[in-house]
file my_file.txt (compact mmCIF, C-alpha atoms)
# COMPACT_ATOMS: atom_id res chain seq x y z
CA MET A 1 -49.41 -22.67 -82.78
CA GLY A 2 -48.55 -22.38 -79.12
CA THR A 3 -48.99 -19.27 -77.13
CA VAL A 4 -45.83 -17.19 -76.73
CA THR A 5 -45.14 -16.15 -73.11
CA ARG A 6 -42.85 -13.30 -72.06
CA SER A 7 -39.89 -14.36 -69.88
CA PRO A 8 -39.05 -12.18 -66.84
CA ASN A 9 -35.43 -12.29 -68.03
CA GLY A 10 -36.39 -10.64 -71.20
CA ARG A 11 -36.33 -7.11 -69.85
CA LYS A 12 -35.16 -4.26 -71.99
CA PRO A 13 -31.58 -3.07 -71.49
CA SER A 14 -32.85 0.33 -70.32
CA GLU A 15 -34.77 -1.29 -67.45
CA ILE A 16 -31.72 -3.29 -66.34
CA MET A 17 -29.56 -0.18 -66.40
CA ARG A 18 -32.16 1.72 -64.38
CA LEU A 19 -32.17 -1.05 -61.77
CA ILE A 20 -28.36 -1.03 -61.51
CA VAL A 21 -28.20 2.74 -61.14
CA THR A 22 -30.92 2.76 -58.51
CA THR A 23 -29.16 0.05 -56.49
CA PHE A 24 -25.83 1.88 -56.69
CA ILE A 25 -27.37 5.16 -55.54
CA GLY A 26 -29.03 3.37 -52.62
CA VAL A 27 -25.73 1.81 -51.52
CA VAL A 28 -23.88 5.14 -51.73
CA PHE A 29 -26.63 6.94 -49.86
CA GLY A 30 -26.62 4.30 -47.13
CA PHE A 31 -22.83 4.53 -46.79
CA PHE A 32 -22.84 8.31 -46.34
CA LEU A 33 -25.74 8.06 -43.93
CA GLY A 34 -23.76 5.60 -41.79
CA VAL A 35 -20.66 7.80 -41.83
CA SER A 36 -22.66 10.87 -40.87
CA PHE A 37 -24.33 9.14 -37.90
CA PRO A 38 -21.83 6.64 -36.45
CA THR A 39 -23.39 6.69 -32.97
CA LEU A 40 -26.97 6.32 -34.10
CA SER A 41 -28.92 4.52 -31.40
CA LEU A 42 -31.87 2.39 -32.41
CA THR A 43 -33.47 2.97 -29.04
CA LYS A 44 -34.09 6.60 -29.97
CA PHE A 45 -36.40 5.74 -32.84
CA ASN A 46 -40.12 5.64 -32.09
CA LEU A 47 -40.84 2.66 -34.29
CA PRO A 48 -44.24 0.99 -34.23
CA SER A 49 -44.22 -1.91 -31.80
CA GLY A 50 -45.52 -4.24 -34.49
CA LEU A 51 -42.59 -3.52 -36.79
CA LEU A 52 -39.89 -4.98 -34.53
CA PRO A 53 -41.89 -7.19 -32.18
CA SER A 54 -39.08 -9.47 -30.97
CA ILE A 55 -35.96 -7.29 -31.03
CA ASP A 56 -34.35 -6.13 -27.76
CA LEU A 57 -32.80 -2.83 -28.84
CA SER A 58 -30.73 -2.44 -25.68
CA TYR A 59 -29.24 -5.87 -26.41
CA ILE A 60 -28.23 -4.71 -29.89
CA GLU A 61 -26.41 -1.74 -28.37
CA GLU A 62 -24.65 -3.97 -25.85
CA ARG A 63 -23.35 -6.08 -28.72
CA TYR A 64 -21.53 -3.01 -30.01
CA THR A 65 -19.85 -2.04 -26.74
CA GLY A 66 -17.00 -0.14 -28.31
CA ARG A 67 -19.26 2.13 -30.32
CA ARG A 68 -21.54 2.69 -27.33
CA ALA A 69 -18.59 3.53 -25.05
CA TRP A 70 -17.26 6.03 -27.56
CA SER A 71 -20.68 7.66 -27.75
CA PHE A 72 -20.84 7.79 -23.94
CA ILE A 73 -17.38 9.41 -23.73
CA ASN A 74 -18.23 12.02 -26.35
CA ASN A 75 -21.55 12.89 -24.72
CA SER A 76 -19.96 13.05 -21.26
CA ASN A 77 -17.23 15.36 -22.49
CA ARG A 78 -19.77 17.69 -24.05
CA ARG A 79 -21.82 17.84 -20.84
CA ALA A 80 -19.02 18.00 -18.25
CA LEU A 81 -16.22 20.01 -19.80
CA PRO A 82 -16.68 23.75 -20.22
CA ASN A 83 -13.14 23.80 -21.59
CA ARG A 84 -12.63 21.05 -24.14
CA LEU A 85 -9.64 18.75 -23.81
CA SER A 86 -6.68 19.67 -25.94
CA ASN A 87 -5.02 17.08 -28.14
CA ASP A 88 -1.74 18.99 -27.98
CA THR A 89 0.01 17.52 -24.94
CA SER A 90 3.49 18.55 -26.07
CA LYS A 91 3.02 21.94 -24.40
CA ILE A 92 2.76 20.40 -20.89
CA TRP A 93 5.94 19.80 -18.90
CA VAL A 94 5.93 20.23 -15.13
CA PRO A 95 9.31 19.37 -13.53
CA SER A 96 7.82 19.55 -10.02
CA ASN A 97 5.47 16.64 -10.79
CA PRO A 98 6.48 13.16 -9.59
CA ARG A 99 9.08 11.48 -11.77
CA GLY A 100 7.46 10.11 -14.90
CA ALA A 101 4.40 12.38 -14.63
CA GLU A 102 5.98 15.60 -15.92
CA SER A 103 3.76 15.62 -19.02
CA LEU A 104 0.57 15.72 -16.96
CA PRO A 105 -1.20 18.88 -15.77
CA PRO A 106 -0.66 19.11 -11.98
CA GLY A 107 -4.39 19.12 -11.28
CA ILE A 108 -4.77 15.51 -12.44
CA VAL A 109 -1.76 14.09 -10.57
CA GLU A 110 -2.56 11.82 -7.60
CA ALA A 111 0.83 11.20 -6.01
CA GLU A 112 -0.51 9.49 -2.88
CA SER A 113 -2.88 6.64 -2.11
CA ASP A 114 -4.19 4.74 0.92
CA PHE A 115 -5.63 1.43 2.15
CA TYR A 116 -9.20 2.68 2.48
CA LEU A 117 -11.70 0.17 1.10
CA ARG A 118 -14.16 1.57 -1.44
CA ARG A 119 -17.49 0.46 -2.89
CA LEU A 120 -18.07 -0.72 -6.44
CA TRP A 121 -21.20 1.44 -6.77
CA GLY A 122 -22.55 4.88 -5.89
CA LYS A 123 -20.72 8.18 -5.85
CA PRO A 124 -16.97 8.04 -5.05
CA SER A 125 -17.36 11.08 -2.83
CA GLU A 126 -19.75 9.12 -0.62
CA ASP A 127 -17.64 5.96 -0.27
CA LEU A 128 -15.86 6.88 2.95
CA THR A 129 -17.98 7.88 5.90
CA PHE A 130 -14.96 7.49 8.18
CA LYS A 131 -11.21 7.53 7.56
CA PRO A 132 -8.90 5.77 10.03
CA LYS A 133 -6.02 7.98 11.18
CA TYR A 134 -3.51 5.25 11.96
CA LEU A 135 -2.17 2.03 10.43
CA VAL A 136 -1.11 -1.17 12.16
CA THR A 137 0.53 -4.08 10.36
CA PHE A 138 1.21 -7.60 11.60
CA THR A 139 3.25 -10.20 9.72
CA VAL A 140 1.43 -13.41 10.57
CA GLY A 141 1.04 -17.14 10.28
CA TYR A 142 -2.29 -18.83 10.87
CA GLU A 143 -0.96 -20.70 13.89
CA MET A 144 -0.76 -17.38 15.72
CA LYS A 145 -4.37 -16.43 15.00
CA LYS A 146 -5.44 -16.28 18.66
CA ASN A 147 -2.56 -14.00 19.54
CA ILE A 148 -3.30 -11.71 16.60
CA ASP A 149 -7.01 -11.64 17.44
CA ALA A 150 -6.16 -10.48 20.96
CA ALA A 151 -3.74 -7.87 19.59
CA VAL A 152 -6.12 -6.45 16.99
CA LYS A 153 -8.75 -5.90 19.68
CA LYS A 154 -6.36 -3.46 21.35
CA PHE A 155 -6.63 -1.16 18.33
CA SER A 156 -9.72 0.99 17.84
CA GLU A 157 -11.62 1.79 14.65
CA ASN A 158 -9.15 4.62 14.19
CA PHE A 159 -6.76 2.01 12.82
CA THR A 160 -6.57 0.34 9.43
CA ILE A 161 -5.58 -3.30 10.00
CA LEU A 162 -3.12 -4.78 7.50
CA LEU A 163 -2.01 -8.43 7.73
CA PHE A 164 1.02 -9.76 5.85
CA HIS A 165 0.70 -13.55 5.53
CA TYR A 166 3.98 -15.45 5.29
CA ASP A 167 2.29 -18.89 5.23
CA GLY A 168 -0.11 -18.35 2.30
CA ARG A 169 -3.23 -18.90 4.45
CA ALA A 170 -4.82 -15.50 4.00
CA ASN A 171 -8.29 -16.92 3.25
CA GLU A 172 -8.63 -18.69 6.58
CA TRP A 173 -9.10 -15.65 8.82
CA ASP A 174 -12.76 -14.90 8.16
CA GLU A 175 -13.78 -16.48 11.45
CA PHE A 176 -12.86 -13.09 12.90
CA GLU A 177 -15.29 -10.32 12.05
CA TRP A 178 -12.52 -7.69 11.99
CA SER A 179 -10.67 -9.73 9.35
CA LYS A 180 -13.41 -9.06 6.82
CA LYS A 181 -12.54 -5.37 6.94
CA ALA A 182 -8.78 -5.83 7.12
CA ILE A 183 -6.32 -5.72 4.22
CA HIS A 184 -4.64 -9.05 3.52
CA VAL A 185 -1.40 -9.43 1.54
CA SER A 186 0.10 -12.88 1.05
CA ALA A 187 3.57 -14.01 -0.04
CA ARG A 188 5.06 -17.20 1.32
CA LYS A 189 8.09 -17.14 3.63
CA GLN A 190 8.69 -13.40 3.56
CA THR A 191 9.53 -11.09 6.46
CA LYS A 192 7.80 -7.94 7.61
CA TRP A 193 10.62 -5.77 6.25
CA TRP A 194 10.27 -7.43 2.84
CA TYR A 195 6.58 -6.54 2.97
CA ALA A 196 7.22 -3.06 4.32
CA LYS A 197 9.58 -2.16 1.51
CA ARG A 198 7.12 -3.28 -1.13
CA PHE A 199 3.71 -2.35 0.30
CA LEU A 200 4.29 0.52 2.74
CA HIS A 201 5.76 3.14 0.44
CA PRO A 202 5.46 6.56 2.11
CA ASP A 203 3.09 7.75 -0.61
CA ILE A 204 0.79 4.79 0.09
CA VAL A 205 0.65 5.29 3.86
CA ALA A 206 0.63 9.09 3.68
CA PRO A 207 -2.91 9.48 5.15
CA TYR A 208 -1.86 7.82 8.42
CA ASP A 209 -0.37 9.87 11.26
CA TYR A 210 1.37 6.84 12.78
CA ILE A 211 2.38 3.44 11.41
CA PHE A 212 2.78 0.40 13.70
CA ILE A 213 4.94 -2.36 12.15
CA TRP A 214 4.64 -5.23 14.62
CA ASP A 215 5.61 -8.87 15.03
CA GLU A 216 2.99 -11.55 15.69
CA ASP A 217 4.33 -12.83 19.03
CA LEU A 218 3.53 -9.90 21.29
CA GLY A 219 1.46 -10.10 24.47
CA VAL A 220 -0.77 -7.03 24.72
CA GLU A 221 -2.68 -7.53 27.97
CA HIS A 222 -1.34 -4.23 29.35
CA PHE A 223 -1.51 -2.26 26.11
CA ASN A 224 -4.06 0.15 24.62
CA ALA A 225 -3.21 1.75 21.28
CA GLU A 226 -5.15 4.99 21.77
CA GLU A 227 -3.61 5.60 25.21
CA TYR A 228 -0.21 4.77 23.78
CA LEU A 229 -0.51 7.44 21.10
CA LYS A 230 -1.61 10.02 23.64
CA LEU A 231 1.72 9.55 25.40
CA VAL A 232 3.65 9.53 22.12
CA LYS A 233 2.18 12.92 21.24
CA LYS A 234 2.59 14.28 24.76
CA HIS A 235 6.32 13.49 24.80
CA GLY A 236 7.02 14.43 21.18
CA LEU A 237 8.13 10.97 20.01
CA GLU A 238 8.58 10.43 16.27
CA ILE A 239 9.89 6.86 16.65
CA SER A 240 8.87 4.72 19.61
CA GLN A 241 7.93 1.33 20.99
CA PRO A 242 6.09 0.04 24.06
CA GLY A 243 8.21 -0.96 27.00
CA LEU A 244 9.03 -4.67 27.26
CA GLU A 245 8.09 -6.68 30.32
CA PRO A 246 11.51 -7.04 32.01
CA ASN A 247 11.71 -10.79 32.30
CA LYS A 248 10.53 -11.74 28.82
CA GLY A 249 12.52 -11.50 25.60
CA LEU A 250 14.74 -8.68 26.84
CA THR A 251 17.88 -7.90 24.85
CA TRP A 252 18.61 -4.23 25.55
CA GLN A 253 18.26 -2.15 28.70
CA MET A 254 16.84 0.70 26.63
CA THR A 255 13.65 -1.18 25.81
CA LYS A 256 13.10 -2.51 29.35
CA ARG A 257 9.91 -1.17 30.92
CA ARG A 258 10.30 1.20 33.85
CA GLY A 259 7.44 1.11 36.31
CA ASP A 260 7.93 4.66 37.59
CA LYS A 261 7.76 6.53 34.24
CA GLU A 262 5.39 7.25 31.39
CA VAL A 263 8.21 7.39 28.86
CA HIS A 264 11.99 7.14 28.94
CA LYS A 265 14.50 8.21 26.29
CA VAL A 266 17.88 7.28 27.77
CA THR A 267 19.33 4.41 29.77
CA GLU A 268 22.57 2.93 31.04
CA GLU A 269 23.99 -0.13 29.35
CA LYS A 270 26.89 -2.45 30.06
CA PRO A 271 30.28 -0.73 30.39
CA GLY A 272 31.77 0.11 27.02
CA TRP A 273 28.57 -0.39 25.05
CA CYS A 274 27.81 3.30 24.61
CA SER A 275 30.53 5.59 23.30
CA ASP A 276 28.11 8.49 23.70
CA PRO A 277 25.14 8.72 26.12
CA HIS A 278 23.00 10.21 23.34
CA LEU A 279 23.65 7.38 20.87
CA PRO A 280 22.39 3.76 20.61
CA PRO A 281 21.95 1.59 22.48
CA CYS A 282 21.82 4.09 25.39
CA ALA A 283 19.53 6.56 23.60
CA ALA A 284 17.88 7.22 20.22
CA PHE A 285 17.08 3.51 20.02
CA VAL A 286 14.14 1.12 19.71
CA GLU A 287 14.05 -2.51 18.62
CA ILE A 288 12.55 -3.73 15.35
CA MET A 289 9.97 -6.10 16.87
CA ALA A 290 7.32 -3.44 17.64
CA PRO A 291 8.34 -0.03 16.28
CA VAL A 292 5.93 2.85 15.78
CA PHE A 293 6.76 5.61 13.29
CA SER A 294 5.27 9.01 12.64
CA ARG A 295 4.41 9.69 9.01
CA GLU A 296 7.42 11.98 8.61
CA ALA A 297 9.87 9.58 10.24
CA TRP A 298 8.64 6.64 8.18
CA ARG A 299 9.21 8.53 4.94
CA CYS A 300 12.90 8.61 5.82
CA VAL A 301 13.16 5.12 7.31
CA TRP A 302 11.49 3.47 4.31
CA HIS A 303 14.21 4.80 2.02
CA MET A 304 16.88 3.34 4.29
CA ILE A 305 15.44 -0.20 4.16
CA GLN A 306 17.56 -2.22 1.75
CA ASN A 307 15.65 -4.12 -0.89
CA ASP A 308 17.62 -7.35 -0.48
CA LEU A 309 18.16 -7.28 3.29
CA VAL A 310 14.86 -8.71 4.46
CA HIS A 311 15.36 -9.16 8.21
CA GLY A 312 15.89 -5.52 9.11
CA TRP A 313 18.80 -6.18 11.48
CA GLY A 314 20.77 -3.00 11.98
CA LEU A 315 17.85 -0.67 11.33
CA ASP A 316 17.32 -0.17 15.06
CA PHE A 317 20.76 1.45 15.33
CA ALA A 318 20.23 3.59 12.23
CA VAL A 319 16.72 5.05 12.49
CA ARG A 320 18.13 7.91 14.57
CA ARG A 321 19.31 9.43 11.29
CA CYS A 322 15.69 10.16 10.40
CA VAL A 323 14.81 12.50 13.29
CA GLU A 324 16.61 15.39 14.94
CA PRO A 325 17.49 15.55 17.77
CA ALA A 326 17.20 11.78 17.90
CA HIS A 327 17.78 11.38 21.63
CA GLU A 328 14.70 13.51 22.28
CA LYS A 329 12.38 12.19 19.55
CA ILE A 330 13.00 8.47 19.98
CA GLY A 331 11.79 6.76 23.14
CA VAL A 332 10.09 3.88 24.94
CA VAL A 333 6.55 4.19 26.32
CA ASP A 334 6.58 2.54 29.75
CA ALA A 335 2.97 3.16 30.75
CA GLN A 336 1.73 1.02 27.83
CA TRP A 337 3.80 -2.13 27.74
CA ILE A 338 3.94 -5.47 25.99
CA VAL A 339 5.48 -8.92 26.38
CA HIS A 340 7.75 -10.36 23.71
CA GLN A 341 6.84 -14.03 23.67
CA GLY A 342 9.79 -15.04 21.49
CA VAL A 343 7.92 -17.62 19.38
CA PRO A 344 10.19 -18.57 16.43
CA THR A 345 7.34 -19.02 13.95
CA LEU A 346 8.91 -17.28 10.98
CA GLY A 347 12.30 -18.77 11.83
CA ASN A 348 10.80 -22.21 11.33
CA GLN A 349 9.91 -21.22 7.76
CA GLY A 350 13.58 -21.57 6.86
CA LYS A 351 15.23 -24.52 5.09
CA THR A 352 17.30 -27.30 6.56
CA GLU A 353 20.81 -27.17 5.12
CA THR A 354 24.07 -28.94 6.06
CA GLY A 355 22.35 -30.59 9.00
CA LYS A 356 21.26 -27.32 10.59
CA ALA A 357 17.73 -26.65 11.80
CA PRO A 358 15.67 -24.16 9.73
CA TRP A 359 15.81 -21.49 12.42
CA GLN A 360 19.61 -21.69 12.55
CA GLY A 361 19.94 -20.81 8.89
CA VAL A 362 17.56 -17.88 9.38
CA ARG A 363 19.56 -16.60 12.34
CA GLU A 364 22.83 -16.81 10.39
CA ARG A 365 21.30 -14.79 7.61
CA CYS A 366 20.15 -12.17 10.13
CA ARG A 367 23.70 -11.73 11.41
CA LYS A 368 25.11 -11.50 7.89
CA GLU A 369 22.56 -8.86 6.96
CA TRP A 370 23.45 -6.80 10.01
CA THR A 371 27.11 -6.74 8.96
CA MET A 372 26.18 -5.95 5.35
CA PHE A 373 23.87 -3.10 6.36
CA GLN A 374 26.48 -1.51 8.62
CA SER A 375 29.06 -1.75 5.83
CA ARG A 376 26.74 -0.22 3.24
CA LEU A 377 25.81 2.65 5.52
CA ALA A 378 29.43 3.40 6.39
CA ASN A 379 30.48 3.24 2.73
CA ALA A 380 27.60 5.49 1.68
CA GLU A 381 28.56 8.10 4.27
CA HIS A 382 32.20 7.93 3.30
CA ALA A 383 31.41 8.35 -0.39
CA TYR A 384 29.13 11.29 0.34
CA PHE A 385 31.64 13.20 2.43
CA LYS A 386 34.49 12.36 0.07
CA SER A 387 32.53 13.89 -2.80
CA GLY A 388 32.21 17.13 -0.85
CA GLY A 389 28.47 16.71 -0.49
CA GLY A 390 28.28 18.05 3.05
CA ILE A 391 29.98 18.80 6.35
CA ASP A 392 31.65 15.82 7.98
CA MET A 393 29.88 15.42 11.32
CA SER A 394 31.47 12.09 12.23
CA ASN A 395 32.85 13.64 15.43
CA SER A 396 29.49 15.12 16.37
CA THR A 397 27.56 13.59 19.25
CA GLY A 398 24.24 14.77 17.88
CA HIS A 399 23.53 16.93 20.96
call {"tool": "encode", "arguments": {"input": "my_file.txt", "output": "structure tokens"}}
result
Amino acid sequence: MGTVTRSPNGRKPSEIMRLIVTTFIGVVFGFFLGVSFPTLSLTKFNLPSGLLPSIDLSYIEERYTGRRAWSFINNSNRRALPNRLSNDTSKIWVPSNPRGAESLPPGIVEAESDFYLRRLWGKPSEDLTFKPKYLVTFTVGYEMKKNIDAAVKKFSENFTILLFHYDGRANEWDEFEWSKKAIHVSARKQTKWWYAKRFLHPDIVAPYDYIFIWDEDLGVEHFNAEEYLKLVKKHGLEISQPGLEPNKGLTWQMTKRRGDKEVHKVTEEKPGWCSDPHLPPCAAFVEIMAPVFSREAWRCVWHMIQNDLVHGWGLDFAVRRCVEPAHEKIGVVDAQWIVHQGVPTLGNQGKTETGKAPWQGVRERCRKEWTMFQSRLANAEHAYFKSGGGIDMSNSTGH
């Protein structure tokens, strides 16, 4: 007779049942343990080095980024908040907050920003060792790089430099050391007023006392920005421009440089051009090639720029509405003067149509926009006064 051996599958039913029950209890226990400690970190266990010799525990945590981030948020909240955050936000409604932010507590609302460059590391409070007080913008093409380099050097470290690139070549300016600290914005074949409407919102440029919005074809040999602003402040100018060298690019008598003055605010024009000596173009007037605005004046002017009228023609006659009395707060600084070179660089970015040169189409659009702007402004005033919204001052001279 052969020897009878016992098969391992021949266990008693009671042993099998005990094994099943034990396994089930282990699974349930493990599940509740996991639920109770969802943020358990393996790095906090003091396991013997021989037990997990080849496992990088920090790597395991990185693989579960979401869980780690949630743990970080919870721990940070517990450490930093003496008053825990409330989940009931329906009780917050602050009408004085900016539009769209009424449901936020006022203390968290940041309504303004700036162009200050910040680090990617360290403490935010230590990012800025110096804050420029003024902003200068140039709308540029790469072909004018030498002219812009000369112009930028007339502005001290008190100025944030912002370049708007209409030719798409924003990456080619690093040959200039100052360019590495400047702000560059690029959109092909756009004007400075298109850029200004979209990137110079008053809440973005709020930290700057004065905003220079300049063309690229300006000669600055006789100009110094700091000295210019000293005269602006001395004479109480809210909107200004440097005087223009008389024989170059001169359109209006008002912007012609006078050699015997620091600043002038009125002039005489051709007979019949000025219905009132305190109104443009005899007073309260600067051109749009090199205007300088105070923070307060720019907040008003920005809202007057039309979104679809990109050349800005007509603004020079209308900015007087943003300061009062305009004939005293708008002027030309003669002691710091510039030369308008009249280089049609942006005009050449136009398109040839019906046999006309690119610059001709651009110039026609400028004239059309001027007419459209004047019409819109007149219609807006008429509608306002017709609705009874104010006192009709159409006969006022603004004295």
call {"tool": "closest_residue", "arguments": {"input": "my_file.txt", "among": "A:Gly389, A:Pro271, A:Pro132, A:Gly168", "to": "Ser156 (chain A)", "atoms": "all atoms listed in the file"}}
result
A:Pro132
call {"tool": "closest_residue", "arguments": {"input": "my_file.txt", "among": "A:Thr191, A:Gln306, A:Asn379, A:Thr137", "to": "Phe293 (chain A)", "atoms": "all atoms listed in the file"}}
result
A:Thr137
call {"tool": "atom_distance", "arguments": {"input": "my_file.txt", "atom1": "CA of Thr267 (chain A)", "atom2": "CA of Glu245 (chain A)"}}
result
15.8 Å
call {"tool": "atom_distance", "arguments": {"input": "my_file.txt", "atom1": "CA of Gly236 (chain A)", "atom2": "CA of Glu216 (chain A)"}}
result
26.9 Å
call {"tool": "atom_distance", "arguments": {"input": "my_file.txt", "atom1": "CA of Glu269 (chain A)", "atom2": "CA of Leu218 (chain A)"}}
result
24.1 Å
call {"tool": "residues_around", "arguments": {"input": "my_file.txt", "residues": "Asp217 (chain A)", "least_positions_apart": "2", "cutoff": "8 Å", "atoms": "all atoms listed in the file", "output": "count of residues only"}}
result
8
call {"tool": "residues_around", "arguments": {"input": "my_file.txt", "residues": "Ser103 (chain A)", "least_positions_apart": "6", "cutoff": "10 Å", "atoms": "all atoms listed in the file", "output": "list in words"}}
result
Thr89, Ser90, Lys91, Ile92, Trp93, Val94, Pro95 and Asn97 of chain A
call {"tool": "closest_residue", "arguments": {"input": "my_file.txt", "among": "A:Ala196, A:Leu237, A:Val323, A:Leu231", "to": "Lys261 (chain A)", "atoms": "all atoms listed in the file"}}
result
A:Leu231
call {"tool": "closest_residue", "arguments": {"input": "my_file.txt", "among": "A:Met372, A:Leu162, A:Ala297, A:Leu135", "to": "Gly314 (chain A)", "atoms": "all atoms listed in the file"}}
result
A:Met372
call {"tool": "closest_residue", "arguments": {"input": "my_file.txt", "among": "A:Tyr166, A:Lys123, A:Ala284, A:Thr129", "to": "Glu143 (chain A)", "atoms": "all atoms listed in the file"}}
result
A:Tyr166
call {"tool": "residues_near_point", "arguments": {"input": "my_file.txt", "point": "(9.9, -1.4, 17.9)", "cutoff": "9 Å", "atoms": "all atoms listed in the file", "output": "list of chain:residue names"}}
result
A:Phe212, A:Ile213, A:Trp214, A:Ile239, A:Ser240, A:Gln241, A:Pro242, A:Thr255, A:Phe285, A:Val286, A:Glu287, A:Ile288, A:Met289, A:Ala290, A:Pro291, A:Val292, A:Phe293, A:Asp316, A:Val332
call {"tool": "closest_residue", "arguments": {"input": "my_file.txt", "among": "A:Leu279, A:Met304, A:Ile330, A:Ile204", "to": "Glu110 (chain A)", "atoms": "only C-alpha atoms"}}
result
A:Ile204
call {"tool": "closest_atom_pairs", "arguments": {"input": "my_file.txt", "of": "region 144-164 of chain A", "to": "region 114-118 of chain A", "cutoff": "12 Å", "atoms": "only C-alpha atoms", "output": "Markdown table"}}
result
| residue | atom | partner | partner_atom | distance |
| --- | --- | --- | --- | --- |
| A:Asn158 | CA | A:Tyr116 | CA | 11.9 |
| A:Phe159 | CA | A:Tyr116 | CA | 10.6 |
| A:Thr160 | CA | A:Phe115 | CA | 7.4 |
| A:Ile161 | CA | A:Phe115 | CA | 9.2 |
| A:Leu162 | CA | A:Phe115 | CA | 8.6 |
| A:Leu163 | CA | A:Phe115 | CA | 11.9 |
call {"tool": "residues_around", "arguments": {"input": "my_file.txt", "residues": "Phe164 (chain A)", "least_positions_apart": "3", "cutoff": "8 Å", "atoms": "only C-alpha atoms", "output": "list in words"}}
result
Thr137, Phe138, Thr139, Val140, His184, Val185, Ser186, Ala187, Lys192 and Tyr195 of chain A
call {"tool": "residues_around", "arguments": {"input": "my_file.txt", "residues": "Tyr210 (chain A)", "least_positions_apart": "6", "cutoff": "9 Å", "atoms": "all atoms listed in the file", "output": "list in words"}}
result
Lys133, Tyr134, Leu135, Val136, Leu229, Glu238, Val292, Phe293, Ser294, Arg295, Glu296 and Trp298 of chain A
call {"tool": "write_last_selection", "arguments": {"input": "my_file.txt", "atoms": "C-alpha atoms", "output": "PDB file, keeping the file's coordinate frame"}}
result
ATOM      1  CA  LYS A 133      -6.020   7.980  11.180  1.00  0.00           C
ATOM      2  CA  TYR A 134      -3.510   5.250  11.960  1.00  0.00           C
ATOM      3  CA  LEU A 135      -2.170   2.030  10.430  1.00  0.00           C
ATOM      4  CA  VAL A 136      -1.110  -1.170  12.160  1.00  0.00           C
ATOM      5  CA  LEU A 229      -0.510   7.440  21.100  1.00  0.00           C
ATOM      6  CA  GLU A 238       8.580  10.430  16.270  1.00  0.00           C
ATOM      7  CA  VAL A 292       5.930   2.850  15.780  1.00  0.00           C
ATOM      8  CA  PHE A 293       6.760   5.610  13.290  1.00  0.00           C
ATOM      9  CA  SER A 294       5.270   9.010  12.640  1.00  0.00           C
ATOM     10  CA  ARG A 295       4.410   9.690   9.010  1.00  0.00           C
ATOM     11  CA  GLU A 296       7.420  11.980   8.610  1.00  0.00           C
ATOM     12  CA  TRP A 298       8.640   6.640   8.180  1.00  0.00           C
TER      13      TRP A 298
END
